[in-house]
Amino acid sequence: MKKSLSNKTIQLNYFSRFAELTKKTNEAWSTEAVTVQELWFELDEQYAFDLDISMVRPAVNHEFCDWQRVINDRDIVSFIPPVSGG
Amino acid sequence: MPVHYFELTEKKIGRDLLLEKFSDPTCGAFVSFEGWVRNHHDNRPVSHLYYEAYSKLAINEAGKILEQALVNYGINSAICIHRLGSLQIGDVAVWVGVNAAHRDAAFEACRFVIDEIKSRVPIWKKEYYLDSTKPLWVGSEVAR
């Protein structure tokens, strides 16, 4: 991935089916994506997630956020598949 | 003063100890809900469950739910404990307790808390079956 001024390194955390699919619970990721939505599509290219974006919620720094949330360097980002507690 | 508390635990939920936390002479009502591990789902025989969570986000989100319950229903206390790890049939997976001056608020708040916990808090349940069906993460069966 090319380096540029807009390049950020973030931490990705994976849970449940996404941890199984990526075979990872976390990883450092270098990206030029501006929003979490752009990041989702970038990761989808890499991992071919088996859920549509409409079934997933993004979270940054341990809080849910909207898909237009801007990503900053060193953010902790997760994509939350449908929950099933209880 | 109203209090709320949420915990994720790998240990068995001890309801007797939890009940002691609700002793309050201003409260005339206590309502609890327990979610138990069931031996079937969608006509398939379930052998056991495995729960995992995104702990930091779960604690943040559950705290907001309990806070909302206190504000919206005027209850005195709300506590929710959720199990993680491997659970067997009949185990208590989730426990919710609320107390209030009167029963209407306690019933409604308890229902609100368990419904919101199930729909918003990042906890995932994997079901294991007695038949040859592959284990499944519940809630995202409709893959694209």
# chains A, B, ... in the order shown; residues from 1 in each chain; ligands from 1

call {"tool": "interface_residues", "arguments": {"of": "chain B", "to": "chain A", "cutoff": "6 Å", "atoms": "only C-alpha atoms", "output": "ChimeraX atom specification"}}
result
/B:35,56-57,94,118,122-125,138-140,143-144

call {"tool": "closest_atom_pairs", "arguments": {"of": "segment 3-64 of chain B", "to": "segment 23-26 of chain A", "cutoff": "12 Å", "atoms": "only C-alpha atoms", "output": "tab-separated table"}}
result
residue	atom	partner	partner_atom	distance
B:Glu52	CA	A:Thr25	CA	12.0
B:Ala53	CA	A:Thr25	CA	11.9
B:Tyr54	CA	A:Thr25	CA	10.7

call {"tool": "residues_around", "arguments": {"residues": "Lys64 of chain B", "least_positions_apart": "5", "cutoff": "12 Å", "atoms": "only C-alpha atoms", "output": "JSON, numbers by chain"}}
result
{"A": [63, 64], "B": [4, 5, 6, 57, 58, 59, 69, 70, 71, 72, 78, 113, 116, 117, 120, 121]}

call {"tool": "write_last_selection", "arguments": {"atoms": "C-alpha atoms", "output": "mmCIF file, in the first residue's frame"}}
result
data_model
loop_
_atom_site.group_PDB
_atom_site.id
_atom_site.type_symbol
_atom_site.label_atom_id
_atom_site.label_comp_id
_atom_site.auth_asym_id
_atom_site.auth_seq_id
_atom_site.Cartn_x
_atom_site.Cartn_y
_atom_site.Cartn_z
ATOM 1 C CA GLU A 63 -18.262 3.250 20.951
ATOM 2 C CA PHE A 64 -20.762 2.651 18.166
ATOM 3 C CA HIS B 4 -26.951 0.525 37.960
ATOM 4 C CA TYR B 5 -24.391 -2.157 37.317
ATOM 5 C CA PHE B 6 -23.436 -4.414 34.383
ATOM 6 C CA LEU B 57 -18.067 -1.780 23.955
ATOM 7 C CA ALA B 58 -20.511 -4.120 25.728
ATOM 8 C CA ILE B 59 -19.857 -2.425 29.069
ATOM 9 C CA ALA B 69 -33.935 2.469 32.323
ATOM 10 C CA LEU B 70 -33.367 4.502 35.497
ATOM 11 C CA VAL B 71 -34.269 7.765 33.772
ATOM 12 C CA ASN B 72 -37.197 6.542 31.666
ATOM 13 C CA ALA B 78 -30.951 -1.977 37.669
ATOM 14 C CA VAL B 113 -33.412 -3.801 29.817
ATOM 15 C CA GLU B 116 -32.205 -3.663 24.678
ATOM 16 C CA ILE B 117 -29.378 -5.900 25.914
ATOM 17 C CA ARG B 120 -27.744 -3.629 21.116
ATOM 18 C CA VAL B 121 -24.966 -5.092 23.234
#

call {"tool": "select_by_dssp", "arguments": {"residues": "chain B", "states": "strand (DSSP E)", "output": "NGL selection string"}}
result
:B and (3-9 or 29-36 or 40-41 or 44-53 or 77-83 or 85-88 or 92-100 or 123-129 or 136-137)

call {"tool": "residues_around", "arguments": {"residues": "segment 18-32 of chain B", "least_positions_apart": "4", "cutoff": "8 Å", "atoms": "only C-alpha atoms", "output": "list of chain:residue names"}}
result
B:Gly14, B:Asn76, B:Ser77, B:Trp95, B:Val96, B:Gly97, B:Val98, B:Asn99, B:Ala100, B:Ala101, B:His102, B:Arg103, B:Ala106, B:Phe107, B:Cys110

call {"tool": "atom_distance", "arguments": {"atom1": "atom CA of Pro58 of chain A", "atom2": "atom CA of Trp40 of chain A"}}
result
8.7 Å

call {"tool": "residues_around", "arguments": {"residues": "Leu39 of chain A", "least_positions_apart": "6", "cutoff": "12 Å", "atoms": "only C-alpha atoms", "output": "VMD selection string"}}
result
chain A and resid 8 to 12 29 to 33 45 to 46 53 58 to 60 67 to 72 77 to 79

call {"tool": "decode", "arguments": {"residues": "segment 51-104 of chain B", "atoms": "C-alpha atoms", "output": "tab-separated table (two decimals), in the first residue's frame"}}
result
chain	number	residue	atom	x	y	z
B	51	TYR	CA	-20.79	-16.75	24.31
B	52	GLU	CA	-18.21	-14.11	23.46
B	53	ALA	CA	-18.29	-10.33	23.76
B	54	TYR	CA	-16.52	-7.16	22.76
B	55	SER	CA	-16.13	-6.37	26.44
B	56	LYS	CA	-15.29	-2.66	26.38
B	57	LEU	CA	-18.07	-1.78	23.95
B	58	ALA	CA	-20.51	-4.12	25.73
B	59	ILE	CA	-19.86	-2.43	29.07
B	60	ASN	CA	-20.25	1.04	27.50
B	61	GLU	CA	-23.47	0.14	25.70
B	62	ALA	CA	-25.04	-1.77	28.58
B	63	GLY	CA	-24.25	1.13	30.92
B	64	LYS	CA	-26.24	3.42	28.61
B	65	ILE	CA	-29.18	0.99	28.60
B	66	LEU	CA	-29.29	0.73	32.38
B	67	GLU	CA	-28.94	4.49	32.74
B	68	GLN	CA	-31.82	4.90	30.28
B	69	ALA	CA	-33.93	2.47	32.32
B	70	LEU	CA	-33.37	4.50	35.50
B	71	VAL	CA	-34.27	7.77	33.77
B	72	ASN	CA	-37.20	6.54	31.67
B	73	TYR	CA	-38.97	4.41	34.28
B	74	GLY	CA	-37.97	6.12	37.53
B	75	ILE	CA	-36.75	2.85	39.04
B	76	ASN	CA	-34.30	2.67	41.90
B	77	SER	CA	-31.73	0.12	40.73
B	78	ALA	CA	-30.95	-1.98	37.67
B	79	ILE	CA	-28.39	-4.76	37.48
B	80	CYS	CA	-27.55	-7.01	34.54
B	81	ILE	CA	-25.04	-9.87	34.53
B	82	HIS	CA	-24.19	-11.78	31.33
B	83	ARG	CA	-22.23	-15.01	31.08
B	84	LEU	CA	-19.39	-15.60	28.65
B	85	GLY	CA	-17.67	-18.82	27.56
B	86	SER	CA	-19.13	-22.28	27.36
B	87	LEU	CA	-22.61	-22.81	28.85
B	88	GLN	CA	-24.61	-26.00	29.30
B	89	ILE	CA	-28.34	-26.60	28.96
B	90	GLY	CA	-30.19	-25.03	31.88
B	91	ASP	CA	-27.42	-22.56	32.79
B	92	VAL	CA	-28.42	-18.96	33.42
B	93	ALA	CA	-26.96	-16.97	30.50
B	94	VAL	CA	-28.25	-13.56	31.52
B	95	TRP	CA	-29.75	-12.10	34.67
B	96	VAL	CA	-31.59	-8.78	34.97
B	97	GLY	CA	-32.96	-7.34	38.19
B	98	VAL	CA	-34.67	-4.03	38.89
B	99	ASN	CA	-36.40	-2.55	41.90
B	100	ALA	CA	-38.80	0.36	42.18
B	101	ALA	CA	-41.37	1.88	44.47
B	102	HIS	CA	-44.19	0.24	42.46
B	103	ARG	CA	-44.58	-2.85	40.25
B	104	ASP	CA	-45.56	-1.21	36.93
